[in-house]
Each structure stands twice: as C-alpha cells, then as structure tokens.
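Here's the structure, in structure tokens; my notes come after.
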Amino acid sequence: MKYAIVKILDEKLTPRWTEFEPRYLDHARGYKAESTIRYSEMGAIQEFRLFIKDRRLGDFTTDDADRWKNLLSRKFAQNTVRRRFVAISGVFDYAVSLKILTENPFKGVEPPPQVHAGRALSDHELASVFRRLPLDIRRACTLALYTGLRRQEVFSLTWQQITGNILTIPPDKSKSKRGRSVHLHRQAVACLGPVRKSGRVFLFSASMMNYHLTRAWRAAGVGRVRFHDLRHTSATRFMEQTPDLFALMDTYGWASPKSALPYQHITANRQAAILKIDYKI
C-alpha cells in the first residue's frame with residue numbers, strides 16, 4: 001500500500017518530460033562540451049521525446065524503459081542503442097539526484113553491451129588511402145594521425161589555438177571538457193599548410209571529408225576506414241613507442257585508463273615484440 005501511494009504522488013507531482021528536458025540540458029551544459037551534447041545527447045533526447053510524448057517522469061516504468069530499448073534495437077546499431085539508452089538513463093539519474101524521483105526506472109534494464117569499433121591501420125593501408133585523398137583532406141588526416149585529435153577537434157581547429165609547435169585544445173572544444181596542450185611533431189606542423197592570421201585551419205566540411213575518405217578506401221581495397229580510425233592508429237603507435245599510460249591519457253584527453261583501453265590494438269610490431277620474448281630456463 002505504501003508503494004502504491006508513493007507511486008501516485010510521483011505521477012501527480014513529477015514534471016512532464018517537455019518541462020524537464022530543457023532543465024536537464026541546462027545542467028548538462030555546465031560540465032559537457034556543446035559538441036558532446038549534440039553527439040551523445042540530442043539524438044537520444046529527440047528519439048525519446050517521440051516515445052514518451054508528454055507523460056510525467058514518475059509515470060515512466062522499467063517496462064517502458066525495456067520497450068524503448070527494444071524499439072531502438074529495431075532501428076539502430078548496437079552501439080547507437082547503448083549510447084542513447086545510457087544518455088536517457090543519465091537524465092533520469094539527474095531527476096533522482098534532485099529528489100524528483102525516488103529511483104531510476106532504467107536501472108532495472110540491462111543496456112546493450114558495447115562493441116568496440118575501430119582499428120589500427122598499417123603503414124601500407126595508410127599510404128594506399130592517403131595518396132588517393134585531395135591535398136587539404138590529406139593534411140587534416142595527417143594531423144589527426146600525428147596528434148590523435150578527435151574529428152570535431154580537427155574541424156573546429158583555429159589558428160589562434162596554435163603557437164609554434166604547441167596546439168591548445170580549450171575545455172569548450174574538448175569532448176571531456178578537459179583542456180590540454182599537444183606538442184606537434186614536425187610532420188604535423190608541416191601539414192597545417194599556409195599560416196593565416198585567424199579563422200579555421202581546415203575549411204572543408206565533415207561531409208566532404210567523409211565523401212573523399214570513402215572513395216579513397218574503396219579504391220585502395222583496404223576495407224572501411226573511418227576518420228576515427230586515425231585516432232585508434234595514433235594511440236596504438238604511441239604505446240608502441242612508450243609504455244607511459246599517463247602520457248597517453250594526457251595527450252589524447254582521456255580521464256581514465258578505461259577510456260584509453262579500446263584504442264589499443266595488436267599490430268604486427270606488437271606481435272613481433274611478443275615473439276622476441278625469450279626465457280633463460
């Protein structure tokens with residue numbers, strides 16, 4: 001009986017989704033970059049808005065959360081389902097922290113397991129793809145390869161962020177809202193192209209880059225290559241040169257080793273190093 005009374009009160013007193021959504025977004029902007037919100041929050045919120053319509057948060061149940069997950073599974077890839085499921089669960093966590101809800105209905109539903117996409121490219125694969133790219137796009141890809149910059153960090157890069165061989169990522173342009181400085185390899189400096197006083201370093205769009213990159217990997221016959229694979233390649237090569245995990249996290253903007261782990265791949269160099277192990281027994 002007590003549970004039933006609490007549930008009725010929740011349904012009557014909790015805000016409707018359309019009332020709570022902007023409140024949550026204001027909260028999220030306090031600790032997340034705008035690009036992160038667009039990527040990981042807005043798609044989930046728009047999809048969830050169609051599902052919940054104008055119901056109250058207290059009227060949403062664990063069964064509803066399970067139905068929404070199944071609906072997403074029929075429309076999207078597994079990682080997209082997980083990302084959107086976790087994003088909306090975070091909204092309900094915020095409601096619990098404000099004591100609007102007594103519990104998060106998503107906690108009773110298991111999110112889909114994460115599939116770690118991405119691969120480290122060999123020198124042959126890189127050369128085969130890069131030589132088929134237009135010069136300006138090849139320069140952007142080269143910078144990503146030598147620095148591990150995320151796609152959004154590359155496309156939003158301005159000349160004001162570069163001083164000599166130091167590239168600065170301010171908190172508002174970082175996915176994790178953690179500012180960092182990146183020391184540029186001489187090849188990375190060279191690929192920036194003619195120096196201008198202000199404005200963006202690369203003037204083409206993300207869709208144009210995707211178009212040319214897709215044409216290049218198809219013509220090269222090396223399998224699908226995403227721009228994000230350059231970050232995977234860069235991080236893997238970094239750890240082949242030094243076992244300094246904290247330097248890797250600092251350079252690539254990761255807050256924990258858990259975030260860095262999916263970017264490590266077994267390459268031919270690592271396999272060769274393993275085969276050189278010799279026990280003196």
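Chain labels run A, B, ... following the order of the structure tokens; each chain numbers its residues from 1, and ligands are numbered from 1 in the order shown.
Backbone DSSP over region 100-205 of chain A yields strand (DSSP E) at A:Ile162, A:Thr163, A:Ile166, A:Leu167, A:Thr168, A:Ile169, A:Arg180, A:Ser181, A:Val182, A:His183.
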May I have the selected residues written with C-alpha atoms, as a PDB file, in the first residue's frame?
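Saved file again19.pdb follows:
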```pdb
ATOM      1  CA  ILE A 162      48.461  27.152 -32.495  1.00  0.00           C
ATOM      2  CA  THR A 163      51.601  28.771 -31.118  1.00  0.00           C
ATOM      3  CA  ILE A 166      52.082  23.779 -29.432  1.00  0.00           C
ATOM      4  CA  LEU A 167      48.406  23.155 -30.183  1.00  0.00           C
ATOM      5  CA  THR A 168      45.964  24.017 -27.401  1.00  0.00           C
ATOM      6  CA  ILE A 169      42.556  22.370 -27.016  1.00  0.00           C
ATOM      7  CA  ARG A 180      45.066  20.094 -22.943  1.00  0.00           C
ATOM      8  CA  SER A 181      48.173  21.072 -24.887  1.00  0.00           C
ATOM      9  CA  VAL A 182      49.556  18.905 -27.690  1.00  0.00           C
ATOM     10  CA  HIS A 183      53.192  19.105 -28.819  1.00  0.00           C
TER      11      HIS A 183
END
```
Could you pull the residues within 9 Å of region 222-236 of chain A, counting only C-alpha atoms, minus those fewer than 4 positions along the same chain, as a ChimeraX atom specification?
-> /A:117-122,125,128-129,141-142,144-151,209-210,213-214,216-218,240,248,252,260,262-267
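Compared by their closest atoms to Gln78 (chain A), and using only C-alpha atoms, the residues A:Pro112, A:Thr61, A:Leu101, A:Asp123 rank with A:Pro112 nearest.
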Go through region 82-187 of chain A and flag each residue having an atom no more than 9 Å from region 191-196 of chain A; for those, report the closest pair of atoms plus their distance in Å to one decimal, using only C-alpha atoms, ordered by chain and rising number, as JSON lines.
```
{"residue": "A:Asp136", "atom": "CA", "partner": "A:Gly193", "partner_atom": "CA", "distance": 8.4}
{"residue": "A:Arg138", "atom": "CA", "partner": "A:Cys191", "partner_atom": "CA", "distance": 8.3}
{"residue": "A:Arg139", "atom": "CA", "partner": "A:Cys191", "partner_atom": "CA", "distance": 4.9}
{"residue": "A:Ala140", "atom": "CA", "partner": "A:Cys191", "partner_atom": "CA", "distance": 7.3}
{"residue": "A:Thr142", "atom": "CA", "partner": "A:Cys191", "partner_atom": "CA", "distance": 6.7}
{"residue": "A:Leu143", "atom": "CA", "partner": "A:Cys191", "partner_atom": "CA", "distance": 6.4}
{"residue": "A:Trp159", "atom": "CA", "partner": "A:Arg196", "partner_atom": "CA", "distance": 6.8}
{"residue": "A:Arg186", "atom": "CA", "partner": "A:Cys191", "partner_atom": "CA", "distance": 8.7}
{"residue": "A:Gln187", "atom": "CA", "partner": "A:Cys191", "partner_atom": "CA", "distance": 6.2}
```
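With only C-alpha atoms as the atoms that count, the residue of A:Arg84, A:Ala219, A:Gly90, A:Asp54 with the shortest distance to Arg38 (chain A) is A:Arg84.
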Enumerate as an NGL selection string all residues of region 68-226 of chain A assigned to helix (DSSP H, G or I) by DSSP on the backbone, naming them with the chain letters and numbers the document uses.
-> :A and (68-73 or 78-97 or 105-108 or 123-130 or 135-147 or 151-155 or 159-161 or 171-173 or 186-190 or 206-220)
Within 8 Å of Phe92 (chain A), counting only C-alpha atoms, which residues show up once you throw out same-chain ones fewer than 5 positions away? Write them as a CSV table (one decimal) with N, CA and C atoms, in the first residue's frame, please.
```csv
chain,number,residue,atom,x,y,z
A,101,LEU,N,12.5,12.0,-8.5
A,101,LEU,CA,12.1,10.6,-8.5
A,101,LEU,C,12.8,9.9,-7.3
A,104,ASN,N,15.5,5.3,-10.5
A,104,ASN,CA,15.7,5.4,-12.0
A,104,ASN,C,15.1,4.2,-12.6
A,105,PRO,N,14.0,4.3,-13.4
A,105,PRO,CA,13.5,3.0,-14.0
A,105,PRO,C,14.4,2.3,-15.0
A,106,PHE,N,15.4,3.0,-15.5
A,106,PHE,CA,16.3,2.4,-16.4
A,106,PHE,C,17.3,1.4,-15.7
```
What is the CA of Tyr94 (chain A) to CA of Ile45 (chain A) distance in Å?
-> 14.1 Å
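Between CA of Leu275 (chain A) and CA of Pro257 (chain A) the interatomic distance comes to 26.0 Å.
Proximity to region 66-70 of chain A at 8 Å, evaluated using only C-alpha atoms and with sequence-adjacent residues fewer than 4 positions away removed, yields A:Phe48, A:Phe51, A:Thr62, A:Arg74, A:Val81, A:Phe85, A:Phe106, A:Val109, A:Pro111.
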Could those residues be written to a file, using C-alpha atoms, as an mmCIF file, in the first residue's frame?
```cif
data_model
loop_
_atom_site.group_PDB
_atom_site.id
_atom_site.type_symbol
_atom_site.label_atom_id
_atom_site.label_comp_id
_atom_site.auth_asym_id
_atom_site.auth_seq_id
_atom_site.Cartn_x
_atom_site.Cartn_y
_atom_site.Cartn_z
ATOM 1 C CA PHE A 48 12.904 9.595 -26.516
ATOM 2 C CA PHE A 51 8.318 7.755 -27.328
ATOM 3 C CA THR A 62 11.034 -0.170 -16.019
ATOM 4 C CA ARG A 74 14.959 -2.419 -34.368
ATOM 5 C CA VAL A 81 21.274 1.855 -28.940
ATOM 6 C CA PHE A 85 19.942 4.253 -23.663
ATOM 7 C CA PHE A 106 16.348 2.400 -16.383
ATOM 8 C CA VAL A 109 17.075 -2.861 -17.588
ATOM 9 C CA PRO A 111 21.880 -1.810 -21.571
#
```
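Look at Leu203 (chain A): the protein and nucleic acid residues within 9 Å of it, using only C-alpha atoms and passing over chain neighbours fewer than 3 places away, are Asp136, Phe155, Gly199 and Arg200 of chain A.
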